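What follows is protein.txt (compact mmCIF, C-alpha atoms and all ligand atoms).
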# COMPACT_ATOMS: atom_id res chain seq x y z
CA MET L 28 86.68 87.99 143.17
CA ASN L 29 87.73 90.74 145.52
CA GLN L 30 86.12 91.30 148.92
CA HIS L 31 84.32 94.43 147.74
CA LEU L 32 82.40 92.49 145.07
CA LEU L 33 81.67 89.66 147.45
CA ASP L 34 80.06 92.15 149.82
CA LYS L 35 77.61 93.08 147.12
CA GLN L 36 76.41 89.52 146.37
CA PRO L 37 72.73 89.20 147.31
CA VAL L 38 72.21 86.76 150.16
CA ALA L 39 69.56 84.13 149.36
CA ASP L 40 66.17 85.07 150.81
CA GLN L 41 67.57 88.17 152.54
CA PRO L 42 64.70 90.69 152.34
CA THR L 43 65.57 93.55 150.00
CA PRO L 44 64.45 97.19 150.42
CA MET L 45 61.16 98.28 148.87
CA ILE L 46 61.79 100.67 145.99
CA ASP L 47 58.82 101.51 143.79
CA PRO L 48 58.94 102.04 140.01
CA PHE L 49 59.49 105.78 140.55
CA GLY L 50 62.58 105.26 142.72
CA ARG L 51 60.82 106.02 146.00
CA GLN L 52 61.88 103.91 148.96
CA ILE L 53 59.04 102.76 151.19
CA THR L 54 59.97 103.27 154.84
CA TYR L 55 56.62 104.10 156.43
CA LEU L 56 53.71 101.74 157.02
CA ARG L 57 50.35 102.85 158.38
CA VAL L 58 48.20 100.06 159.72
CA SER L 59 44.50 100.28 160.45
CA VAL L 60 44.11 97.68 163.22
CA THR L 61 40.31 97.93 163.36
CA ASP L 62 37.54 99.63 161.39
CA ARG L 63 35.49 100.04 164.59
CA CYS L 64 35.34 103.14 166.72
CA ASP L 65 33.69 104.45 169.86
CA PHE L 66 33.06 107.81 168.09
CA ARG L 67 31.09 108.61 164.95
CA CYS L 68 32.75 111.82 163.72
CA THR L 69 30.39 113.33 161.19
CA TYR L 70 33.05 113.81 158.46
CA CYS L 71 34.41 110.27 158.93
CA MET L 72 31.50 107.91 159.49
CA ALA L 73 27.76 107.63 159.10
CA GLU L 74 26.01 107.24 162.45
CA ASN L 75 24.73 103.85 161.45
CA MET L 76 27.93 102.30 160.15
CA THR L 77 28.10 98.68 159.10
CA PHE L 78 31.41 97.27 160.27
CA LEU L 79 33.27 94.33 158.84
CA PRO L 80 32.45 90.87 160.13
CA LYS L 81 35.07 89.84 162.70
CA ARG L 82 36.14 86.82 160.64
CA ASP L 83 37.35 89.16 157.87
CA LEU L 84 39.86 90.85 160.18
CA LEU L 85 43.45 89.74 160.45
CA THR L 86 44.15 88.28 163.87
CA LEU L 87 46.63 90.18 166.02
CA GLU L 88 49.18 87.44 165.26
CA GLU L 89 48.63 87.88 161.52
CA LEU L 90 48.96 91.65 161.83
CA GLU L 91 52.18 91.23 163.76
CA ARG L 92 53.64 88.78 161.22
CA LEU L 93 52.80 91.11 158.36
CA CYS L 94 54.16 94.21 160.13
CA ASN L 95 57.35 92.29 160.89
CA ALA L 96 57.69 91.32 157.23
CA PHE L 97 57.43 95.02 156.29
CA ILE L 98 59.99 95.93 158.95
CA ASP L 99 62.33 93.26 157.56
CA LYS L 100 61.80 94.88 154.14
CA GLY L 101 62.89 98.30 155.34
CA VAL L 102 59.94 99.97 157.07
CA ARG L 103 61.44 102.24 159.76
CA LYS L 104 58.28 103.96 160.95
CA LEU L 105 55.03 102.24 161.78
CA ARG L 106 51.80 104.01 162.69
CA LEU L 107 48.81 102.16 164.11
CA THR L 108 45.50 103.77 163.38
CA GLY L 109 41.89 102.81 162.62
CA GLY L 110 39.02 103.14 163.40
CA GLU L 111 40.12 103.65 166.94
CA PRO L 112 43.25 101.55 167.41
CA LEU L 113 42.91 101.41 171.21
CA MET L 114 39.42 99.85 170.84
CA ARG L 115 40.86 96.67 169.32
CA LYS L 116 40.78 93.96 171.96
CA ASN L 117 44.26 93.08 173.26
CA VAL L 118 45.92 95.65 170.97
CA MET L 119 48.62 96.21 173.62
CA GLN L 120 49.92 92.73 172.92
CA LEU L 121 50.58 93.76 169.30
CA ILE L 122 52.07 97.09 170.37
CA ARG L 123 54.40 95.46 172.91
CA ASN L 124 55.65 92.91 170.38
CA LEU L 125 56.21 95.51 167.65
CA GLY L 126 57.91 97.78 170.19
CA LYS L 127 60.57 95.10 170.63
CA ARG L 128 61.73 95.79 167.06
CA ILE L 129 62.76 99.28 168.21
CA GLY L 130 65.00 97.72 170.88
CA GLU L 131 66.57 95.51 168.19
CA GLY L 132 67.33 98.56 166.04
CA ALA L 133 65.04 97.30 163.26
CA LEU L 134 62.47 100.08 163.67
CA ASP L 135 62.94 103.79 164.43
CA GLU L 136 59.45 104.67 165.54
CA LEU L 137 56.21 103.01 166.58
CA THR L 138 53.39 105.49 166.87
CA LEU L 139 49.62 105.80 166.97
CA THR L 140 46.81 108.04 165.79
CA THR L 141 44.03 107.96 168.35
CA ASN L 142 40.90 109.84 169.33
CA GLY L 143 42.23 109.88 172.90
CA SER L 144 39.19 108.29 174.52
CA GLN L 145 41.16 105.32 175.90
CA LEU L 146 44.45 107.12 176.56
CA ALA L 147 43.98 107.49 180.31
CA ARG L 148 43.94 103.69 180.47
CA PHE L 149 46.79 103.02 178.03
CA ALA L 150 49.29 105.91 178.19
CA ASP L 151 51.72 104.23 180.64
CA ASP L 152 51.62 100.91 178.79
CA LEU L 153 52.25 102.65 175.48
CA HIS L 154 55.33 104.35 176.85
CA ALA L 155 56.58 101.11 178.39
CA ALA L 156 56.16 99.43 174.99
CA GLY L 157 58.46 101.95 173.32
CA VAL L 158 55.93 104.44 171.93
CA ARG L 159 57.25 107.99 172.37
CA ARG L 160 54.99 110.15 170.21
CA ILE L 161 51.29 109.92 169.40
CA ASN L 162 48.80 111.93 167.39
CA VAL L 163 45.52 112.75 169.09
CA SER L 164 42.58 114.03 167.06
CA LEU L 165 40.75 116.96 168.58
CA ASP L 166 38.58 119.29 166.51
CA THR L 167 37.21 121.59 169.21
CA LEU L 168 37.73 122.65 172.81
CA ASP L 169 34.01 123.09 173.45
CA PRO L 170 32.55 119.97 175.17
CA GLN L 171 29.13 120.56 173.56
CA LYS L 172 30.57 120.96 170.08
CA PHE L 173 32.83 117.98 170.70
CA ARG L 174 29.75 115.85 171.29
CA GLU L 175 28.16 117.31 168.15
CA ILE L 176 31.11 116.50 165.86
CA THR L 177 32.00 113.09 167.35
CA ARG L 178 28.32 112.23 168.00
CA TRP L 179 29.31 109.83 170.81
CA GLY L 180 32.53 111.24 172.27
CA ASP L 181 33.15 112.59 175.78
CA PHE L 182 35.42 115.64 175.73
CA HIS L 183 36.46 115.26 179.38
CA LYS L 184 37.68 111.72 178.79
CA VAL L 185 39.92 112.99 175.98
CA MET L 186 41.27 115.75 178.23
CA ALA L 187 42.05 113.14 180.90
CA GLY L 188 43.74 111.09 178.19
CA LEU L 189 45.94 114.03 177.16
CA GLU L 190 46.93 114.57 180.77
CA ALA L 191 47.78 110.87 181.18
CA ALA L 192 49.89 111.01 178.01
CA ARG L 193 51.78 114.02 179.33
CA LYS L 194 52.44 112.30 182.66
CA ALA L 195 53.57 109.12 180.91
CA GLY L 196 56.11 111.12 178.89
CA LEU L 197 54.42 110.71 175.50
CA LYS L 198 54.90 113.61 173.10
CA VAL L 199 51.52 114.54 171.63
CA LYS L 200 50.65 116.18 168.34
CA LEU L 201 47.06 117.32 168.00
CA ASN L 202 45.24 116.83 164.70
CA ALA L 203 42.19 118.91 163.88
CA VAL L 204 40.09 118.67 160.74
CA ALA L 205 39.26 122.22 159.61
CA LEU L 206 35.52 122.45 159.05
CA ALA L 207 33.63 125.43 157.71
CA GLY L 208 30.96 126.71 160.06
CA PHE L 209 32.21 124.43 162.82
CA ASN L 210 35.71 125.20 164.11
CA GLU L 211 36.79 127.86 161.61
CA HIS L 212 36.85 130.59 164.24
CA GLU L 213 38.23 128.33 166.96
CA ILE L 214 41.50 127.53 165.22
CA PRO L 215 43.49 130.31 166.95
CA GLU L 216 42.25 128.96 170.29
CA LEU L 217 43.19 125.39 169.36
CA LEU L 218 46.61 126.64 168.31
CA ARG L 219 47.20 128.41 171.62
CA PHE L 220 45.89 125.45 173.61
CA ALA L 221 48.24 123.05 171.80
CA HIS L 222 51.33 125.24 171.99
CA ASP L 223 50.71 126.35 175.59
CA ASN L 224 50.66 122.67 176.55
CA GLY L 225 53.78 121.65 174.65
CA MET L 226 51.94 120.01 171.74
CA ASP L 227 52.24 120.75 168.03
CA LEU L 228 49.05 121.16 166.02
CA THR L 229 48.30 119.90 162.54
CA LEU L 230 45.27 121.02 160.59
CA ILE L 231 43.75 118.60 158.09
CA GLU L 232 41.67 119.56 155.08
CA ALA L 233 38.45 117.51 155.02
CA MET L 234 38.48 114.84 152.33
CA PRO L 235 35.51 113.25 150.62
CA LEU L 236 36.27 109.64 151.58
CA GLY L 237 33.34 107.25 151.97
CA GLU L 238 29.65 108.08 152.22
CA VAL L 239 28.62 109.93 155.39
CA ASP L 240 25.24 111.39 156.20
CA THR L 241 26.29 115.05 156.24
CA ASP L 242 26.66 117.40 153.29
CA ARG L 243 30.40 117.56 152.69
CA SER L 244 30.30 120.63 150.47
CA SER L 245 29.06 122.74 153.39
CA GLN L 246 31.97 121.46 155.56
CA TYR L 247 34.81 122.05 153.13
CA LEU L 248 37.25 124.71 154.28
CA PRO L 249 40.43 125.21 152.25
CA LEU L 250 43.53 125.43 154.44
CA SER L 251 44.83 128.25 152.23
CA LYS L 252 42.02 130.37 153.70
CA VAL L 253 42.73 129.16 157.25
CA ARG L 254 46.37 130.16 156.81
CA ARG L 255 45.46 133.62 155.49
CA ASP L 256 43.12 134.16 158.44
CA LEU L 257 45.74 132.99 160.97
CA GLU L 258 48.31 135.33 159.45
CA GLU L 259 46.22 138.29 160.57
CA ASN L 260 47.23 137.48 164.16
CA PHE L 261 50.23 135.17 163.97
CA THR L 262 53.61 135.25 162.25
CA LEU L 263 53.95 131.98 160.34
CA THR L 264 57.31 130.99 158.88
CA ASP L 265 57.63 128.01 156.54
CA ILE L 266 60.15 125.40 157.64
CA PRO L 267 61.60 122.65 155.45
CA MET L 268 60.55 119.84 157.82
CA THR L 269 58.90 116.98 155.93
CA THR L 270 57.43 113.62 156.82
CA GLY L 271 57.40 112.39 153.21
CA GLY L 272 53.65 113.00 153.26
CA PRO L 273 51.18 115.78 152.61
CA ALA L 274 51.99 117.81 155.74
CA ARG L 275 53.74 121.16 155.43
CA PHE L 276 54.99 122.94 158.56
CA VAL L 277 55.44 126.47 159.82
CA THR L 278 56.69 127.89 163.09
CA VAL L 279 54.47 130.32 164.95
CA ALA L 280 56.52 133.21 166.35
CA GLU L 281 53.95 134.25 168.96
CA THR L 282 53.68 130.79 170.55
CA GLY L 283 57.04 129.22 169.69
CA GLY L 284 55.30 126.01 168.49
CA LYS L 285 54.92 124.25 165.16
CA LEU L 286 51.81 124.17 163.02
CA GLY L 287 51.24 121.68 160.21
CA PHE L 288 48.89 121.88 157.24
CA ILE L 289 47.76 118.62 155.64
CA THR L 290 46.24 119.13 152.21
CA PRO L 291 45.95 115.56 150.96
CA LEU L 292 44.34 116.52 147.68
CA SER L 293 47.30 118.52 146.42
CA HIS L 294 49.83 116.67 144.30
CA ASN L 295 52.98 118.41 145.43
CA PHE L 296 54.05 115.68 147.86
CA CYS L 297 53.55 112.59 145.66
CA ALA L 298 57.15 112.69 144.35
CA SER L 299 58.51 112.09 147.84
CA CYS L 300 55.84 109.62 149.00
CA ASN L 301 57.41 107.02 151.30
CA ARG L 302 54.33 105.22 152.58
CA VAL L 303 51.82 102.46 152.06
CA ARG L 304 48.70 101.59 154.06
CA LEU L 305 47.43 98.31 155.37
CA THR L 306 43.81 97.70 156.38
CA CYS L 307 42.64 95.48 159.23
CA THR L 308 41.59 92.88 156.65
CA GLY L 309 45.09 92.70 155.17
CA MET L 310 44.51 94.80 152.05
CA LEU L 311 47.54 96.87 151.17
CA TYR L 312 46.72 100.23 149.57
CA LEU L 313 49.61 101.68 147.64
CA CYS L 314 48.08 105.18 147.58
CA LEU L 315 45.36 106.93 149.60
CA GLY L 316 43.85 108.19 146.36
CA HIS L 317 43.62 104.88 144.46
CA ASP L 318 41.39 101.88 145.00
CA ASP L 319 44.00 99.41 143.71
CA ASN L 320 45.12 97.08 146.51
CA ALA L 321 46.90 93.81 147.20
CA ASP L 322 45.34 91.07 149.32
CA PHE L 323 47.77 89.96 152.01
CA ARG L 324 45.23 88.02 154.05
CA LYS L 325 45.25 85.28 151.44
CA VAL L 326 49.05 85.28 151.19
CA LEU L 327 49.35 85.05 154.99
CA ARG L 328 46.82 82.25 155.34
CA ASP L 329 48.06 80.23 152.34
CA ASN L 330 51.68 80.40 153.55
CA PRO L 331 51.62 80.23 157.33
CA ASP L 332 55.30 79.32 157.64
CA ASP L 333 56.92 80.91 154.63
CA ASP L 334 57.99 84.54 155.03
CA ALA L 335 59.95 84.47 151.76
CA VAL L 336 56.61 84.23 149.92
CA LEU L 337 55.37 87.18 151.95
CA HIS L 338 58.45 89.21 151.03
CA ARG L 339 57.93 88.44 147.33
CA ALA L 340 54.26 89.41 147.58
CA ILE L 341 55.32 92.74 149.13
CA ASP L 342 57.74 93.31 146.23
CA SER L 343 55.08 92.70 143.60
CA ALA L 344 52.63 95.00 145.41
CA ILE L 345 55.20 97.82 145.69
CA ALA L 346 55.89 97.45 141.96
CA ARG L 347 52.29 98.62 141.43
CA LYS L 348 52.53 101.83 143.47
CA PRO L 349 51.09 104.61 141.31
CA GLU L 350 53.07 107.76 140.61
CA GLU L 351 50.45 110.07 142.09
CA HIS L 352 46.92 110.06 143.39
CA ASN L 353 43.97 110.72 141.14
CA PHE L 354 41.40 112.35 143.36
CA GLU L 355 38.94 113.96 141.05
CA LEU L 356 36.78 116.54 142.70
CA ASP L 357 34.41 119.30 141.92
CA GLU L 358 35.30 122.67 143.42
CA THR L 359 33.08 122.11 146.46
CA HIS L 360 34.88 118.86 147.38
CA SER L 361 31.51 117.25 147.97
CA ARG L 362 31.67 114.21 145.73
CA VAL L 363 33.10 111.01 147.17
CA ALA L 364 36.60 110.72 145.76
CA VAL L 365 37.32 107.21 146.99
CA ALA L 366 34.57 104.86 148.14
CA ARG L 367 36.30 103.56 151.26
CA HIS L 368 36.04 105.47 154.53
CA MET L 369 39.10 106.94 156.20
CA SER L 370 38.52 104.43 159.03
CA MET L 371 39.32 101.60 156.57
CA THR L 372 42.73 102.87 155.55
CA GLY L 373 43.39 105.00 158.59
CA GLY L 374 44.17 108.26 156.76
N1 LIG T 1 40.25 107.21 165.43
C1 LIG T 1 41.54 107.76 165.35
C2 LIG T 1 41.48 109.27 165.34
O1 LIG T 1 40.40 109.83 165.16
O2 LIG T 1 42.54 109.87 165.53
C3 LIG T 1 42.36 107.28 164.17
C4 LIG T 1 41.67 107.11 162.86
S1 LIG T 1 41.06 108.58 162.10
C5 LIG T 1 40.36 107.94 160.61
C6 LIG T 1 42.57 109.38 161.59
C7 LIG T 1 42.44 110.83 161.25
O3 LIG T 1 41.69 110.96 160.07
C8 LIG T 1 41.78 111.68 162.31
O4 LIG T 1 42.62 112.76 162.64
C9 LIG T 1 40.52 112.16 161.63
O5 LIG T 1 40.16 113.44 162.06
C10 LIG T 1 40.92 112.13 160.18
N2 LIG T 1 39.79 112.01 159.25
C11 LIG T 1 38.77 111.12 159.26
N3 LIG T 1 37.95 111.30 158.20
C12 LIG T 1 38.46 112.34 157.50
C13 LIG T 1 38.07 113.02 156.31
N4 LIG T 1 37.00 112.66 155.62
N5 LIG T 1 38.84 114.05 155.89
C14 LIG T 1 39.96 114.42 156.57
N6 LIG T 1 40.38 113.82 157.68
C15 LIG T 1 39.64 112.80 158.16
FE1 LIG T 2 36.49 107.33 164.92
FE2 LIG T 2 38.71 108.63 164.29
FE3 LIG T 2 36.74 108.34 162.49
FE4 LIG T 2 36.35 109.92 164.56
S1 LIG T 2 37.89 110.21 162.96
S2 LIG T 2 34.90 108.37 163.79
S3 LIG T 2 37.46 108.94 166.13
S4 LIG T 2 37.96 106.75 163.33
Turn this file's structure into structure tokens for me.
Amino acid sequence: MNQHLLDKQPVADQPTPMIDPFGRQITYLRVSVTDRCDFRCTYCMAENMTFLPKRDLLTLEELERLCNAFIDKGVRKLRLTGGEPLMRKNVMQLIRNLGKRIGEGALDELTLTTNGSQLARFADDLHAAGVRRINVSLDTLDPQKFREITRWGDFHKVMAGLEAARKAGLKVKLNAVALAGFNEHEIPELLRFAHDNGMDLTLIEAMPLGEVDTDRSSQYLPLSKVRRDLEENFTLTDIPMTTGGPARFVTVAETGGKLGFITPLSHNFCASCNRVRLTCTGMLYLCLGHDDNADFRKVLRDNPDDDAVLHRAIDSAIARKPEEHNFELDETHSRVAVARHMSMTGG
């Protein structure tokens, strides 16, 4: 046998890349490290949320083992989210250990989606752990309205968090959910604020995920309308940048920054989907728009020392990834499309 053929022989138990039945390679894992949060954003949670019992959560060690198994199987980008990821006790231990995989060349990026409330405390540690970019959710620049939408949040704490992130050298992207009758007219101001401070902005279309106690149909604001309105004052130019997800980007001539539009209910990104989502209880969701999942908590606990079993369980889960999501909605986007809250799967 010549050397070329020998090179192609599979090595026993060497983790193989994750390719789903539609030929898509999975390189991006989003992990919800907790379902808890110090805010109660009206579109995300009911005020009186029942959280999971602590015993149902994966320990930080279990989360780390599972994330490492995914990295060994070809995940290059890992995003920690929640709930509020920085509210999970000792989360920095997990972040530091995962950050080491960047140093080894096994991972390209470790990042976070956060509400910013704890950033003043954690920004330096995040940078030291290898995090370079984070997403911070911010729906309004009005402290009063901020309290209204988050119910429990303190706007000034988030501003202090953004400043700490800047000082620590973390690149920030702001995420804002576009909400009719709430921040519709504030979007130009949010755009200028972001771009004036060296941050990109991404707008998210509100999705009917999980029961909340507000009327979703009155909140729904299509981003197609937001874009039309913005174009009255800004020159938006589509750019081919893609994250393999539902975000589409434009440059804004007047500010020189980038603006993203996330319309998760459209189907036009499914063909290039590169991601799967893990909950804090170890359920792997193959698609944001499907309830089908694979239970990794059981696999982890039944096989504490055998990563080969874990790798095989990942392969059989990826083999079930659906071709596209099946959100079914009425035109007002008010019905719950998927029963779980965004804080379960982390968006
Ligand atoms: N707590 C962190 C935060 O707020 O950034 C991370 C978790 S949060 C679930 C992630 C993102 O999902 C946030 O940007 C939030 O605004 C968004 N989100 C939550 N519920 C949503 C919904 N029903 N529709 C659209 N976006 C939603
Ligand atoms: Fe918490 Fe984020 Fe949900 Fe707001 S959007 S309630 S900050 S998890």
In Å, rounded to a single decimal, give me how far CA of Thr264 in chain L is from CA of Asp135 in chain L.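 Straight-line distance from CA of Asp135 in chain L to CA of Thr264 in chain L works out to 28.3 Å.
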Could you list, with a cut-off of 8 Å and counting only C-alpha atoms, the residues of range 209-275 of chain L near range 56-79 of chain L, each shown with its nearest atom pair and the distance in Å rounded to one decimal, rows sorted by chain and ascending number, as JSON lines?
{"residue": "L:Ala233", "atom": "CA", "partner": "L:Tyr70", "partner_atom": "CA", "distance": 7.4}
{"residue": "L:Leu236", "atom": "CA", "partner": "L:Cys71", "partner_atom": "CA", "distance": 7.6}
{"residue": "L:Gly237", "atom": "CA", "partner": "L:Cys71", "partner_atom": "CA", "distance": 7.7}
{"residue": "L:Glu238", "atom": "CA", "partner": "L:Ala73", "partner_atom": "CA", "distance": 7.1}
{"residue": "L:Val239", "atom": "CA", "partner": "L:Ala73", "partner_atom": "CA", "distance": 4.4}
{"residue": "L:Asp240", "atom": "CA", "partner": "L:Ala73", "partner_atom": "CA", "distance": 5.4}
{"residue": "L:Thr241", "atom": "CA", "partner": "L:Thr69", "partner_atom": "CA", "distance": 6.7}
{"residue": "L:Arg243", "atom": "CA", "partner": "L:Tyr70", "partner_atom": "CA", "distance": 7.4}
Neighbours of ligand LIG 1 (chain T) within 7 Å, counting all atoms listed in the file, as a ChimeraX atom specification? /L:64,70-71,108-112,140-142,162-164,202-204,231-236,369-370,373-374
Excluding Pro267 in chain L and residues on its chain fewer than 6 positions from it, collect all residues at most 12 Å away from it, counting only C-alpha atoms, and give them as number ranges by chain. L: 274-278, 285, 287
What would the file look like if the residues just selected were written as an mmCIF file, keeping the file's coordinate frame with C-alpha atoms?
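Final file, again_14.cif:
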data_model
loop_
_atom_site.group_PDB
_atom_site.id
_atom_site.type_symbol
_atom_site.label_atom_id
_atom_site.label_comp_id
_atom_site.auth_asym_id
_atom_site.auth_seq_id
_atom_site.Cartn_x
_atom_site.Cartn_y
_atom_site.Cartn_z
ATOM 1 C CA ALA L 274 51.990 117.810 155.740
ATOM 2 C CA ARG L 275 53.740 121.160 155.430
ATOM 3 C CA PHE L 276 54.990 122.940 158.560
ATOM 4 C CA VAL L 277 55.440 126.470 159.820
ATOM 5 C CA THR L 278 56.690 127.890 163.090
ATOM 6 C CA LYS L 285 54.920 124.250 165.160
ATOM 7 C CA GLY L 287 51.240 121.680 160.210
#
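Residues in contact with Ile122 in chain L at 10 Å, where all atoms listed in the file are counted and same-chain residues fewer than 3 positions away are skipped, are listed as Leu87, Glu91, Leu107, Asn117, Val118, Met119, Leu125, Gly126, Lys127, Leu137, Thr138, Leu139, Asp152, Leu153, Ala156, Gly157 and Val158 of chain L.
Nearest residue to ligand LIG 2 (chain T), choosing from L:Leu113, L:Leu250, L:Leu85, L:Ala321 and counting all atoms listed in the file: L:Leu113.
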Would you list the contacts of Leu263 in chain L as a list in words, taking every protein, DNA or RNA residue within 9 Å and counting only C-alpha atoms, but skipping same-chain residues closer than 6 positions in sequence?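 Returned residues: Arg254, Leu257, Val277, Thr278, Val279, Ala280, Glu281 and Leu286 of chain L.
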Quick check, in Å to one decimal: how far apart do CA of Gly272 in chain L and CA of Arg302 in chain L lie?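 Between CA of Gly272 in chain L and CA of Arg302 in chain L the gap is 7.8 Å.
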Which residue, L:Glu175, L:Glu213, L:Asp334, L:Asp99, has the smallest gap to ligand LIG 2 (chain T) when you use only C-alpha atoms and all ligand atoms? L:Glu175
Within 9 Å of Lys348 in chain L using all atoms listed in the file, minus same-chain residues under 6 positions, as a compact mmCIF listing (two decimals) with C-alpha atoms, in the coordinates of the input:
# COMPACT_ATOMS: atom_id res chain seq x y z
CA ASP L 47 58.82 101.51 143.79
CA PRO L 48 58.94 102.04 140.01
CA PHE L 49 59.49 105.78 140.55
CA VAL L 303 51.82 102.46 152.06
CA TYR L 312 46.72 100.23 149.57
CA LEU L 313 49.61 101.68 147.64
CA CYS L 314 48.08 105.18 147.58
CA ASP L 319 44.00 99.41 143.71
Nearest to ligand LIG 2 (chain T), restricted to all atoms listed in the file and choosing among L:Arg148, L:Arg178, L:Arg255, L:Arg347, comes out as L:Arg178
Test item: which residues lie within 8 Å of (42.2, 104.2, 141.6) counting all atoms listed in the file, as a ChimeraX atom specification: /L:316-319,352-353,365
Take the residues from that selection and write them out as a PDB file, keeping the file's coordinate frame, keeping C-alpha atoms.
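Generated output (selection.pdb):
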ATOM      1  CA  GLY L 316      43.850 108.190 146.360  1.00  0.00           C
ATOM      2  CA  HIS L 317      43.620 104.880 144.460  1.00  0.00           C
ATOM      3  CA  ASP L 318      41.390 101.880 145.000  1.00  0.00           C
ATOM      4  CA  ASP L 319      44.000  99.410 143.710  1.00  0.00           C
ATOM      5  CA  HIS L 352      46.920 110.060 143.390  1.00  0.00           C
ATOM      6  CA  ASN L 353      43.970 110.720 141.140  1.00  0.00           C
ATOM      7  CA  VAL L 365      37.320 107.210 146.990  1.00  0.00           C
TER       8      VAL L 365
END
Please, what distance in Å, to one decimal, runs between CA of Phe209 in chain L and CA of Gln171 in chain L?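 Those two atoms sit 11.8 Å apart.
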Option closest in space to ligand LIG 2 (chain T), from L:Glu351, L:Asp256, L:Asp342, L:Asp181 [counting only C-alpha atoms and all ligand atoms]: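 Counting only C-alpha atoms and all ligand atoms, the residue closest to ligand LIG 2 (chain T) is L:Asp181.
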Of the residues L:His368, L:Pro291, L:Lys116, L:Leu93, which is the one nearest to ligand LIG 2 (chain T), using only C-alpha atoms and all ligand atoms?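 When distances to ligand LIG 2 (chain T) are compared using only C-alpha atoms and all ligand atoms, the smallest one comes from L:His368.
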Considering only C-alpha atoms and all ligand atoms, can you say which of L:Thr282, L:Thr229, L:Ser144, L:Gln52 comes closest to ligand LIG 2 (chain T)? L:Ser144
